[in-house]
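Here is the structure we will look at.
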Amino acid sequence: MMKDFSTTAPPLEVHDLTVAYDRRPVLYGIDLTVPAGSLTGIIGPNGAGKSTLLKAVLGLLPLSAGWVKIFGGPLAQHARRTGYVPQRESVDWDFPVNVMDVVLMGRYGHLPPGRRPGRADREIARACLDQVQMLPLAGRQIGNLSGGQRQRVFLARALAQESDLYFMDEPFAGVDAATEAAIIDLLRGMKDRGKTVVVVHHDLSTAQDYFDRLVLLNMRLVAAGPTAEVFTPELLQKTYGGRLTILSDVAQALGEER
Amino acid sequence: MRSFLRLAALAVLLAATPAEGARIGELADWDFGSQTVRFFSLQDASVRYALAGSMLLGLCCGLMGAFLVVRKLALMGDALSHAVLPGVALGFLWGMTKNPVAIFAGAVGAGLLGAVVVQWIRATTKHREDAALGFVLSSFFGVGIVLFTMIQNLPGGAKSGLDGFMFGQAAALGPEDVWLLAGVTVLALGAVGLFYKEYVLTSFDEGFAQSLGWPVKFYHYSLMLLLAFAIVSALQAVGVVLVSAMLVIPAAAAFLLTDRMGAMLAWSAGLGMLAGAAGAFFSFTGQSLPTGPFMVLAAAGLFVLALLFAPSHGIVRRLWRRRSRVARIRRENTLKAIYHVMEDGGFREEVVEIEGVADRRRETAAGARREIVELQQAGLATVADGRVAFTPEGWQRACEMVRNHRLWELYLTNAAQLAPDHVHDDAEVIEHVLGDETVRRLERRLNYARRDPHGKLIPGLADLAAGAPPSERVAGFGEKGGAR
């Protein structure tokens, strides 16, 4: 019964999701459905809550209200079908691990507690490293990598997760043009294989090119849908132009009240 | 604040140990050699316990410390180790004896209470972790000192032996203490061995671990509990004040020695054991000197060694690398100067005067001679009668330098639109670092140009392969240089 349902349910469904830091709301009542096999970009100004939305969906932040369904069920049930690429700055790159170690971490979700990755996992990790052209650097300590190379290590780790739904937090931030082109190729390849990819993106000038669906976000959902329909001057103006002064003032007041 | 508390602790201890004078008198019969023999023969049970206990604690603290250091939580170890002191006192008061189990339970309880207070301060005030740690460390330590003083004043309290908990006394370790240490060490080894991948991933990327659906809080707190166990079981040997050093120093040294977590754990545990053994040794041969300070000094010595001699991050290695780089650049500049002198002479001579090279390098003749002797030692040139000639290898290196320099100048003027008189200084630096692959790309990009922006010839592959300046070939002496 459950299984039948999960094949037809959308990869991601969010209803009335509200998130607050210190009782100060940063996301209000988000309703969102991401269809299978889409490449979706989340765009919005700084502080719009783009990363917060991703973290809330992944259960890294507590929800104040609303619910999230992954393939029609709770995240815990489908954690293996969900891949995650955090922001590059979120980890310490001096940590004593090499490139291969990090990519192997992508296999950890498939291993029970106490089990180490085996030969098959290593093969998968090598193939994923090869896909991002990082195999020659497999033995290198991760601190000795450029920004673009670090991003590709994270992508290889996500590939090694062999998930169906991916969340990526600013994978294009601060990478060189060659890496950016390689990443978008990779994302399109994933989409062609039927994966669903949700990407937080900061660059409006490329958003239209890169994604077939867009989510316009500024503390609340402005619009979501096929790029051709929502990438319009009016909606972008609503997203970026003019801060929602009353909303953010109220949020400020709520935060100060405690 | 902290140093004040430590001073207060010292004062308490000194006031409470009137036997100090007698000990100094005994020092007269003290014989380092026979004590050493006694230590290494392991004939005394107390030596065996002290050595086993110290090494176990080094292993255990090294293991836990490695996780603290990579998680950037080194101060947490310091705060926890000071926070356990009131628990030690309460554990003693429970039965007015040094019952290891009661003291262990009390100390772990106090340590965990300290950790909870740190979390609570962080969550409910605007203070960050450092202020919370500082508060917990000093206030818990203060309470501990007060309780210790009260115990000293109780009947029978002066002989409590609790002063060993302050600076550590490995000689006072009994079989129960060693069994406790062994139990904790086995527990720590087992947990880290079993959950190795879990502890590494939650330390490296907690968000990712959480996205896998892992109970990251469980892993964090189980690590903190193991840490509290390690600290408490180490107290008797190394003391409250310095136990955090045994957590941090071996791990910090190990961090310098390797780039892999598994190797770092092994190094950290190994260095901890070594420091523990050294501390026990010096404490024993030094006649009832406290163990903790010696252990920490030994660990610090090992850290300094790692700092100096670590294979890739060590200071000596780095200095040596820089020195050899500087020497290489100097050699390459001398080679280039010789080339330039030859070029100015239209390559009619295959040897040049050292004075000419000195002028070119804007150096004294003596300085230029020293540099050329260096070239000779490196097999790049030969000197005779104040004149210098390239070896085939030297000629090749010189051509490469000149080529790199001129290619880069040409690239900057052509591709980056810089004026020809703005490009020399940049090329002076770049010429030494251009790799073969980059040179090939530059040549392709510049259509294999033969002239630099100043109209000088750019040496090509044929010139490099010739192995000697053109004069030889022109004059028909080519067979001497050979087509090497």
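Chain labels A, B, ... are given in the sequence in which chains occur in the structure tokens; within each chain residues are numbered consecutively from 1, and ligands are likewise numbered from 1 in the order shown.
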
Find the residues of chain B that sit at most 9 Å from chain A; for each, write down the nearest two atoms and how far apart they are in Å, to one decimal. Count only C-alpha atoms. Sort by chain, then by number going up, and give it as JSON lines.
{"residue": "B:Val70", "atom": "CA", "partner": "A:Phe95", "partner_atom": "CA", "distance": 6.3}
{"residue": "B:Arg71", "atom": "CA", "partner": "A:Phe95", "partner_atom": "CA", "distance": 8.6}
{"residue": "B:Gly193", "atom": "CA", "partner": "A:Gly114", "partner_atom": "CA", "distance": 8.2}
{"residue": "B:Leu194", "atom": "CA", "partner": "A:Gly114", "partner_atom": "CA", "distance": 5.0}
{"residue": "B:Phe195", "atom": "CA", "partner": "A:Gly114", "partner_atom": "CA", "distance": 5.1}
{"residue": "B:Tyr196", "atom": "CA", "partner": "A:Gly114", "partner_atom": "CA", "distance": 7.3}
{"residue": "B:Lys197", "atom": "CA", "partner": "A:Arg116", "partner_atom": "CA", "distance": 6.8}
{"residue": "B:Glu198", "atom": "CA", "partner": "A:Pro113", "partner_atom": "CA", "distance": 7.3}
{"residue": "B:Leu201", "atom": "CA", "partner": "A:Met105", "partner_atom": "CA", "distance": 7.2}
{"residue": "B:Phe204", "atom": "CA", "partner": "A:Val91", "partner_atom": "CA", "distance": 6.4}
{"residue": "B:Asp205", "atom": "CA", "partner": "A:Val91", "partner_atom": "CA", "distance": 5.8}
{"residue": "B:Glu206", "atom": "CA", "partner": "A:Val91", "partner_atom": "CA", "distance": 8.6}
{"residue": "B:Gly207", "atom": "CA", "partner": "A:Leu60", "partner_atom": "CA", "distance": 6.6}
{"residue": "B:Phe208", "atom": "CA", "partner": "A:Tyr84", "partner_atom": "CA", "distance": 6.7}
{"residue": "B:Ala209", "atom": "CA", "partner": "A:Gly109", "partner_atom": "CA", "distance": 8.4}
{"residue": "B:Gln210", "atom": "CA", "partner": "A:Leu60", "partner_atom": "CA", "distance": 6.6}
{"residue": "B:Ser211", "atom": "CA", "partner": "A:Leu58", "partner_atom": "CA", "distance": 5.8}
{"residue": "B:Leu212", "atom": "CA", "partner": "A:Ala79", "partner_atom": "CA", "distance": 5.5}
{"residue": "B:Gly213", "atom": "CA", "partner": "A:Ala76", "partner_atom": "CA", "distance": 5.7}
{"residue": "B:Trp214", "atom": "CA", "partner": "A:Gly109", "partner_atom": "CA", "distance": 8.4}
{"residue": "B:Phe255", "atom": "CA", "partner": "A:Pro96", "partner_atom": "CA", "distance": 7.6}
{"residue": "B:Thr258", "atom": "CA", "partner": "A:Pro96", "partner_atom": "CA", "distance": 7.4}
{"residue": "B:Asp259", "atom": "CA", "partner": "A:Pro96", "partner_atom": "CA", "distance": 4.5}
{"residue": "B:Arg260", "atom": "CA", "partner": "A:Pro96", "partner_atom": "CA", "distance": 4.6}
{"residue": "B:Met261", "atom": "CA", "partner": "A:Pro96", "partner_atom": "CA", "distance": 5.1}
{"residue": "B:Gly262", "atom": "CA", "partner": "A:Pro96", "partner_atom": "CA", "distance": 8.7}
{"residue": "B:Met264", "atom": "CA", "partner": "A:Pro96", "partner_atom": "CA", "distance": 7.8}

Give me a file of those residues, with N, CA and C atoms, as a JSON list (two decimals), in the first residue's frame.
[["chain", "number", "residue", "atom", "x", "y", "z"],
["B", 70, "VAL", "N", 39.78, 17.90, 16.28],
["B", 70, "VAL", "CA", 39.23, 18.10, 14.94],
["B", 70, "VAL", "C", 37.85, 18.75, 14.99],
["B", 71, "ARG", "N", 37.15, 18.64, 16.14],
["B", 71, "ARG", "CA", 35.87, 19.33, 16.26],
["B", 71, "ARG", "C", 36.04, 20.75, 16.75],
["B", 193, "GLY", "N", 36.07, 2.12, 17.67],
["B", 193, "GLY", "CA", 36.25, 1.10, 16.64],
["B", 193, "GLY", "C", 34.94, 0.75, 15.96],
["B", 194, "LEU", "N", 33.89, 0.63, 16.77],
["B", 194, "LEU", "CA", 32.60, 0.23, 16.22],
["B", 194, "LEU", "C", 31.97, 1.36, 15.42],
["B", 195, "PHE", "N", 31.97, 2.57, 16.00],
["B", 195, "PHE", "CA", 31.27, 3.69, 15.36],
["B", 195, "PHE", "C", 32.26, 4.66, 14.71],
["B", 196, "TYR", "N", 33.36, 4.12, 14.18],
["B", 196, "TYR", "CA", 34.37, 4.99, 13.60],
["B", 196, "TYR", "C", 33.78, 5.90, 12.53],
["B", 197, "LYS", "N", 33.07, 5.29, 11.57],
["B", 197, "LYS", "CA", 32.57, 6.13, 10.47],
["B", 197, "LYS", "C", 31.52, 7.13, 10.95],
["B", 198, "GLU", "N", 30.75, 6.74, 11.97],
["B", 198, "GLU", "CA", 29.74, 7.65, 12.51],
["B", 198, "GLU", "C", 30.40, 8.84, 13.21],
["B", 201, "LEU", "N", 32.11, 11.16, 10.52],
["B", 201, "LEU", "CA", 31.20, 11.97, 9.71],
["B", 201, "LEU", "C", 30.49, 13.03, 10.56],
["B", 204, "PHE", "N", 32.90, 15.78, 11.03],
["B", 204, "PHE", "CA", 33.28, 16.54, 9.82],
["B", 204, "PHE", "C", 32.10, 17.35, 9.30],
["B", 205, "ASP", "N", 30.92, 16.74, 9.17],
["B", 205, "ASP", "CA", 29.81, 17.40, 8.49],
["B", 205, "ASP", "C", 28.52, 16.96, 9.17],
["B", 206, "GLU", "N", 28.16, 17.65, 10.25],
["B", 206, "GLU", "CA", 27.02, 17.23, 11.06],
["B", 206, "GLU", "C", 25.72, 17.33, 10.26],
["B", 207, "GLY", "N", 25.59, 18.40, 9.46],
["B", 207, "GLY", "CA", 24.37, 18.58, 8.69],
["B", 207, "GLY", "C", 24.13, 17.43, 7.73],
["B", 208, "PHE", "N", 25.19, 17.01, 7.07],
["B", 208, "PHE", "CA", 25.07, 15.89, 6.12],
["B", 208, "PHE", "C", 24.67, 14.62, 6.86],
["B", 209, "ALA", "N", 25.31, 14.38, 8.02],
["B", 209, "ALA", "CA", 24.99, 13.19, 8.79],
["B", 209, "ALA", "C", 23.51, 13.19, 9.19],
["B", 210, "GLN", "N", 23.02, 14.39, 9.56],
["B", 210, "GLN", "CA", 21.62, 14.50, 9.96],
["B", 210, "GLN", "C", 20.71, 14.24, 8.77],
["B", 211, "SER", "N", 21.13, 14.69, 7.58],
["B", 211, "SER", "CA", 20.30, 14.47, 6.40],
["B", 211, "SER", "C", 20.22, 12.99, 6.05],
["B", 212, "LEU", "N", 21.15, 12.18, 6.54],
["B", 212, "LEU", "CA", 21.08, 10.74, 6.33],
["B", 212, "LEU", "C", 20.11, 10.08, 7.31],
["B", 213, "GLY", "N", 19.57, 10.90, 8.21],
["B", 213, "GLY", "CA", 18.65, 10.36, 9.21],
["B", 213, "GLY", "C", 19.36, 9.80, 10.42],
["B", 214, "TRP", "N", 20.63, 10.15, 10.58],
["B", 214, "TRP", "CA", 21.39, 9.62, 11.73],
["B", 214, "TRP", "C", 21.03, 10.39, 13.00],
["B", 255, "PHE", "N", 47.84, 15.87, 14.81],
["B", 255, "PHE", "CA", 47.22, 16.63, 13.72],
["B", 255, "PHE", "C", 48.29, 17.17, 12.76],
["B", 258, "THR", "N", 49.90, 14.00, 10.34],
["B", 258, "THR", "CA", 49.20, 13.23, 9.32],
["B", 258, "THR", "C", 47.98, 13.99, 8.79],
["B", 259, "ASP", "N", 47.49, 13.56, 7.63],
["B", 259, "ASP", "CA", 46.30, 14.16, 7.04],
["B", 259, "ASP", "C", 45.13, 13.19, 7.01],
["B", 260, "ARG", "N", 45.25, 12.06, 7.72],
["B", 260, "ARG", "CA", 44.15, 11.09, 7.74],
["B", 260, "ARG", "C", 43.68, 10.88, 9.16],
["B", 261, "MET", "N", 42.37, 10.76, 9.33],
["B", 261, "MET", "CA", 41.80, 10.66, 10.67],
["B", 261, "MET", "C", 42.27, 9.39, 11.38],
["B", 262, "GLY", "N", 42.26, 8.26, 10.67],
["B", 262, "GLY", "CA", 42.67, 7.00, 11.30],
["B", 262, "GLY", "C", 44.09, 7.08, 11.83],
["B", 264, "MET", "N", 45.68, 9.76, 12.51],
["B", 264, "MET", "CA", 45.75, 10.76, 13.57],
["B", 264, "MET", "C", 45.36, 10.14, 14.91]]

Worksheet item: Which residues come within 7 Å of region 63-67 of chain A, counting only C-alpha atoms, excluding same-chain residues fewer than 5 positions away, as a PyMOL selection string?
Response: chain A and resi 14-20+56

Writing out the chosen residues with N, CA and C atoms as a compact mmCIF listing (two decimals), in the first residue's frame:
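selection38.txt, freshly written:
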# COMPACT_ATOMS: atom_id res chain seq x y z
N VAL A 14 5.49 20.22 0.27
CA VAL A 14 5.62 21.04 1.48
C VAL A 14 4.31 21.76 1.69
N HIS A 15 3.80 21.72 2.92
CA HIS A 15 2.53 22.39 3.17
C HIS A 15 2.65 23.32 4.37
N ASP A 16 2.33 24.59 4.17
CA ASP A 16 2.25 25.58 5.24
C ASP A 16 3.50 25.58 6.13
N LEU A 17 4.66 25.43 5.51
CA LEU A 17 5.89 25.32 6.30
C LEU A 17 6.29 26.69 6.85
N THR A 18 6.49 26.74 8.16
CA THR A 18 6.92 27.98 8.82
C THR A 18 8.12 27.67 9.70
N VAL A 19 9.15 28.50 9.58
CA VAL A 19 10.37 28.29 10.36
C VAL A 19 10.71 29.58 11.07
N ALA A 20 11.13 29.47 12.33
CA ALA A 20 11.52 30.65 13.10
C ALA A 20 12.86 30.39 13.77
N ALA A 56 15.15 23.12 6.47
CA ALA A 56 13.91 22.73 7.13
C ALA A 56 13.33 21.47 6.48

Practice prompt. Do a neighbour search on region 221-228 of chain A at 7 Å with only C-alpha atoms, toss out local chain neighbours closer than 2 positions, and write the hits as a PyMOL selection string.
Written response: chain A and resi 30+208+211-219+230-231+239

Worksheet item: For Asn99 (chain B), which of B:Gly292, B:Gly168, B:Gly114, B:Gly174 is the closest residue, counting only C-alpha atoms?
Response: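 Result for the nearest residue to Asn99 (chain B): B:Gly174.
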
Worksheet item: If you count only C-alpha atoms, which residues fall within 12 Å of Gly367 (chain B), apart from same-chain ones fewer than 3 positions away, as a list in words?
Response: Arg330, Thr334, Ile354, Glu355, Val357, Ala358, Asp359, Arg361, Arg362, Glu363, Thr364, Arg370, Glu371, Ile372, Val373 and Glu374 of chain B

Worksheet item: Out of region 320-453 of chain B, which residues get strand (DSSP E or B) from DSSP, as a PyMOL selection string?
Response: chain B and resi 351-353+381-384+387-390+451

Selected residues written out, N, CA, C and O atoms, as a PDB file, in the first residue's frame:
ATOM      1  N   VAL B 351      82.100  30.700 -24.222  1.00  0.00           N
ATOM      2  CA  VAL B 351      82.408  30.983 -22.823  1.00  0.00           C
ATOM      3  C   VAL B 351      82.270  32.480 -22.594  1.00  0.00           C
ATOM      4  O   VAL B 351      82.421  33.276 -23.526  1.00  0.00           O
ATOM      5  N   VAL B 352      81.974  32.876 -21.353  1.00  0.00           N
ATOM      6  CA  VAL B 352      81.867  34.305 -21.036  1.00  0.00           C
ATOM      7  C   VAL B 352      82.675  34.599 -19.784  1.00  0.00           C
ATOM      8  O   VAL B 352      82.900  33.726 -18.947  1.00  0.00           O
ATOM      9  N   GLU B 353      83.095  35.908 -19.677  1.00  0.00           N
ATOM     10  CA  GLU B 353      83.840  36.344 -18.512  1.00  0.00           C
ATOM     11  C   GLU B 353      82.902  36.435 -17.307  1.00  0.00           C
ATOM     12  O   GLU B 353      81.762  36.872 -17.432  1.00  0.00           O
ATOM     13  N   ALA B 381      77.226  24.260 -15.096  1.00  0.00           N
ATOM     14  CA  ALA B 381      78.224  25.086 -15.788  1.00  0.00           C
ATOM     15  C   ALA B 381      79.608  24.636 -15.348  1.00  0.00           C
ATOM     16  O   ALA B 381      79.746  23.925 -14.340  1.00  0.00           O
ATOM     17  N   THR B 382      80.626  25.023 -16.119  1.00  0.00           N
ATOM     18  CA  THR B 382      81.999  24.752 -15.702  1.00  0.00           C
ATOM     19  C   THR B 382      82.769  26.059 -15.712  1.00  0.00           C
ATOM     20  O   THR B 382      82.468  26.968 -16.494  1.00  0.00           O
ATOM     21  N   VAL B 383      83.745  26.173 -14.816  1.00  0.00           N
ATOM     22  CA  VAL B 383      84.531  27.400 -14.693  1.00  0.00           C
ATOM     23  C   VAL B 383      86.001  27.075 -14.949  1.00  0.00           C
ATOM     24  O   VAL B 383      86.510  26.051 -14.473  1.00  0.00           O
ATOM     25  N   ALA B 384      86.649  27.956 -15.696  1.00  0.00           N
ATOM     26  CA  ALA B 384      88.112  27.844 -15.856  1.00  0.00           C
ATOM     27  C   ALA B 384      88.658  29.220 -16.182  1.00  0.00           C
ATOM     28  O   ALA B 384      88.092  29.937 -17.024  1.00  0.00           O
ATOM     29  N   ARG B 387      86.453  32.246 -16.469  1.00  0.00           N
ATOM     30  CA  ARG B 387      85.432  32.246 -17.521  1.00  0.00           C
ATOM     31  C   ARG B 387      84.521  31.043 -17.318  1.00  0.00           C
ATOM     32  O   ARG B 387      84.928  30.013 -16.779  1.00  0.00           O
ATOM     33  N   VAL B 388      83.284  31.177 -17.757  1.00  0.00           N
ATOM     34  CA  VAL B 388      82.287  30.152 -17.458  1.00  0.00           C
ATOM     35  C   VAL B 388      81.641  29.663 -18.753  1.00  0.00           C
ATOM     36  O   VAL B 388      81.432  30.444 -19.681  1.00  0.00           O
ATOM     37  N   ALA B 389      81.355  28.356 -18.800  1.00  0.00           N
ATOM     38  CA  ALA B 389      80.688  27.759 -19.972  1.00  0.00           C
ATOM     39  C   ALA B 389      79.545  26.868 -19.481  1.00  0.00           C
ATOM     40  O   ALA B 389      79.617  26.280 -18.406  1.00  0.00           O
ATOM     41  N   PHE B 390      78.485  26.791 -20.273  1.00  0.00           N
ATOM     42  CA  PHE B 390      77.354  25.932 -19.925  1.00  0.00           C
ATOM     43  C   PHE B 390      77.704  24.456 -20.091  1.00  0.00           C
ATOM     44  O   PHE B 390      78.421  24.090 -21.024  1.00  0.00           O
ATOM     45  N   ARG B 451      59.706  35.938 -31.670  1.00  0.00           N
ATOM     46  CA  ARG B 451      60.270  37.204 -31.165  1.00  0.00           C
ATOM     47  C   ARG B 451      59.442  37.719 -29.993  1.00  0.00           C
ATOM     48  O   ARG B 451      58.215  37.694 -30.045  1.00  0.00           O
TER      49      ARG B 451
END

Worksheet item: Neighbours of region 241-252 of chain B within 8 Å (only C-alpha atoms; same-chain residues fewer than 4 positions away dropped), as a ChimeraX atom specification?
Response: /B:6,58,61-66,68-69,74,77-78,81-82,166-167,231,234-235,256,264-265,267-269,271-272,292-293,295-296,299-300,302-303

Just the residues within 7 Å of region 179-191 of chain B, please, counting only C-alpha atoms, with nothing from its chain fewer than 3 positions along; format it as a PDB file with N, CA and C atoms, in the first residue's frame.
ATOM      1  N   GLY B  53      48.913   2.408  34.481  1.00  0.00           N
ATOM      2  CA  GLY B  53      47.865   3.419  34.571  1.00  0.00           C
ATOM      3  C   GLY B  53      48.176   4.625  33.708  1.00  0.00           C
ATOM      4  N   LEU B  56      47.744   3.760  30.003  1.00  0.00           N
ATOM      5  CA  LEU B  56      46.330   3.612  29.649  1.00  0.00           C
ATOM      6  C   LEU B  56      45.657   4.974  29.538  1.00  0.00           C
ATOM      7  N   LEU B  57      45.989   5.849  30.495  1.00  0.00           N
ATOM      8  CA  LEU B  57      45.331   7.165  30.451  1.00  0.00           C
ATOM      9  C   LEU B  57      45.811   7.957  29.239  1.00  0.00           C
ATOM     10  N   CYS B  60      43.847   6.568  26.250  1.00  0.00           N
ATOM     11  CA  CYS B  60      42.437   6.929  26.309  1.00  0.00           C
ATOM     12  C   CYS B  60      42.250   8.424  26.022  1.00  0.00           C
ATOM     13  N   PRO B 175      45.475  -1.064  42.331  1.00  0.00           N
ATOM     14  CA  PRO B 175      44.926  -1.956  41.314  1.00  0.00           C
ATOM     15  C   PRO B 175      43.527  -1.542  40.859  1.00  0.00           C
ATOM     16  N   GLU B 176      42.691  -1.022  41.797  1.00  0.00           N
ATOM     17  CA  GLU B 176      41.325  -0.636  41.376  1.00  0.00           C
ATOM     18  C   GLU B 176      41.389   0.473  40.346  1.00  0.00           C
ATOM     19  N   LEU B 194      33.893   0.628  16.773  1.00  0.00           N
ATOM     20  CA  LEU B 194      32.603   0.226  16.223  1.00  0.00           C
ATOM     21  C   LEU B 194      31.970   1.363  15.424  1.00  0.00           C
ATOM     22  N   PHE B 195      31.970   2.570  15.997  1.00  0.00           N
ATOM     23  CA  PHE B 195      31.271   3.691  15.361  1.00  0.00           C
ATOM     24  C   PHE B 195      32.261   4.658  14.708  1.00  0.00           C
ATOM     25  N   LEU B 226      32.050   9.549  26.901  1.00  0.00           N
ATOM     26  CA  LEU B 226      33.346   8.865  26.878  1.00  0.00           C
ATOM     27  C   LEU B 226      34.450   9.818  27.316  1.00  0.00           C
ATOM     28  N   PHE B 229      34.360  10.101  30.997  1.00  0.00           N
ATOM     29  CA  PHE B 229      34.961   8.890  31.565  1.00  0.00           C
ATOM     30  C   PHE B 229      36.485   8.986  31.520  1.00  0.00           C
ATOM     31  N   ALA B 230      37.008   9.381  30.366  1.00  0.00           N
ATOM     32  CA  ALA B 230      38.464   9.453  30.196  1.00  0.00           C
ATOM     33  C   ALA B 230      39.053  10.433  31.194  1.00  0.00           C
ATOM     34  N   SER B 233      38.792   9.066  34.894  1.00  0.00           N
ATOM     35  CA  SER B 233      39.673   7.944  35.225  1.00  0.00           C
ATOM     36  C   SER B 233      41.140   8.371  35.204  1.00  0.00           C
TER      37      SER B 233
END

Discussion item. Would you compute the distance between CA of Ala125 (chain A) and CA of Ala138 (chain A)? Give it in Å to one decimal.
Written reply: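 Distance between the two atoms: 9.8 Å.
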
Worksheet item: When DSSP works through the backbone of this structure, what residues of region 144-202 of chain A end up as alpha helix (DSSP H), shown as a PyMOL selection string?
Response: chain A and resi 147-160+177-192

Go ahead and dump the residues you just picked, C-alpha atoms, as a tab-separated table (two decimals), in the first residue's frame.
chain	number	residue	atom	x	y	z
A	147	GLY	CA	36.99	26.28	-4.49
A	148	GLY	CA	35.75	24.64	-7.67
A	149	GLN	CA	37.45	21.36	-6.83
A	150	ARG	CA	35.92	21.38	-3.35
A	151	GLN	CA	32.48	21.84	-4.86
A	152	ARG	CA	33.10	18.93	-7.22
A	153	VAL	CA	34.10	16.72	-4.27
A	154	PHE	CA	30.77	17.52	-2.61
A	155	LEU	CA	28.94	16.75	-5.86
A	156	ALA	CA	30.76	13.43	-6.20
A	157	ARG	CA	29.71	12.59	-2.64
A	158	ALA	CA	26.10	13.36	-3.55
A	159	LEU	CA	26.36	11.21	-6.69
A	160	ALA	CA	27.68	8.36	-4.54
A	177	ALA	CA	33.48	29.31	-14.99
A	178	ALA	CA	34.75	25.88	-16.07
A	179	THR	CA	33.46	24.24	-12.90
A	180	GLU	CA	30.13	26.05	-13.24
A	181	ALA	CA	29.71	24.66	-16.77
A	182	ALA	CA	30.71	21.18	-15.58
A	183	ILE	CA	28.22	21.33	-12.70
A	184	ILE	CA	25.29	22.36	-14.87
A	185	ASP	CA	26.12	19.56	-17.31
A	186	LEU	CA	26.13	17.15	-14.42
A	187	LEU	CA	22.78	18.42	-13.12
A	188	ARG	CA	21.20	18.10	-16.56
A	189	GLY	CA	22.57	14.57	-16.84
A	190	MET	CA	20.98	13.72	-13.49
A	191	LYS	CA	17.65	15.15	-14.66
A	192	ASP	CA	17.87	13.08	-17.86

Practice prompt. Could you check which of B:Gly134, B:Gly164, B:Pro469, B:Gly91 is closest to Leu289 (chain B), using only C-alpha atoms?
Written response: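 For Leu289 (chain B), the nearest of the candidates is B:Gly164.
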
Worksheet item: Looking at A:Ser38, A:Asn46, A:Ser205, A:Thr52, which one is nearest to Asp164 (chain A), with distances taken over only C-alpha atoms?
Response: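 Under the stated criterion, the closest residue is A:Ser38.
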
Item to complete: Using only C-alpha atoms, determine which residues lie at most 12 Å from Asn414 (chain B), disregarding the query and same-chain residues fewer than 4 positions distant; provide the list as a list of chain:residue names.
Response: B:Arg406, B:Leu407, B:Trp408, B:Glu409, B:Leu410, B:Leu418, B:Ala419, B:Pro420, B:Val423, B:Leu442, B:Arg445, B:Leu446, B:Asn447, B:Ala449, B:Asp452, B:Pro453

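Pairwise distance (CA of Gly276 (chain B), CA of Leu297 (chain B)) equals 10.2 Å.
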
Worksheet, complete the sentence: Taken to one decimal, the CA of Asp176 (chain A)-CA of Arg88 (chain A) distance is 14.1 Å
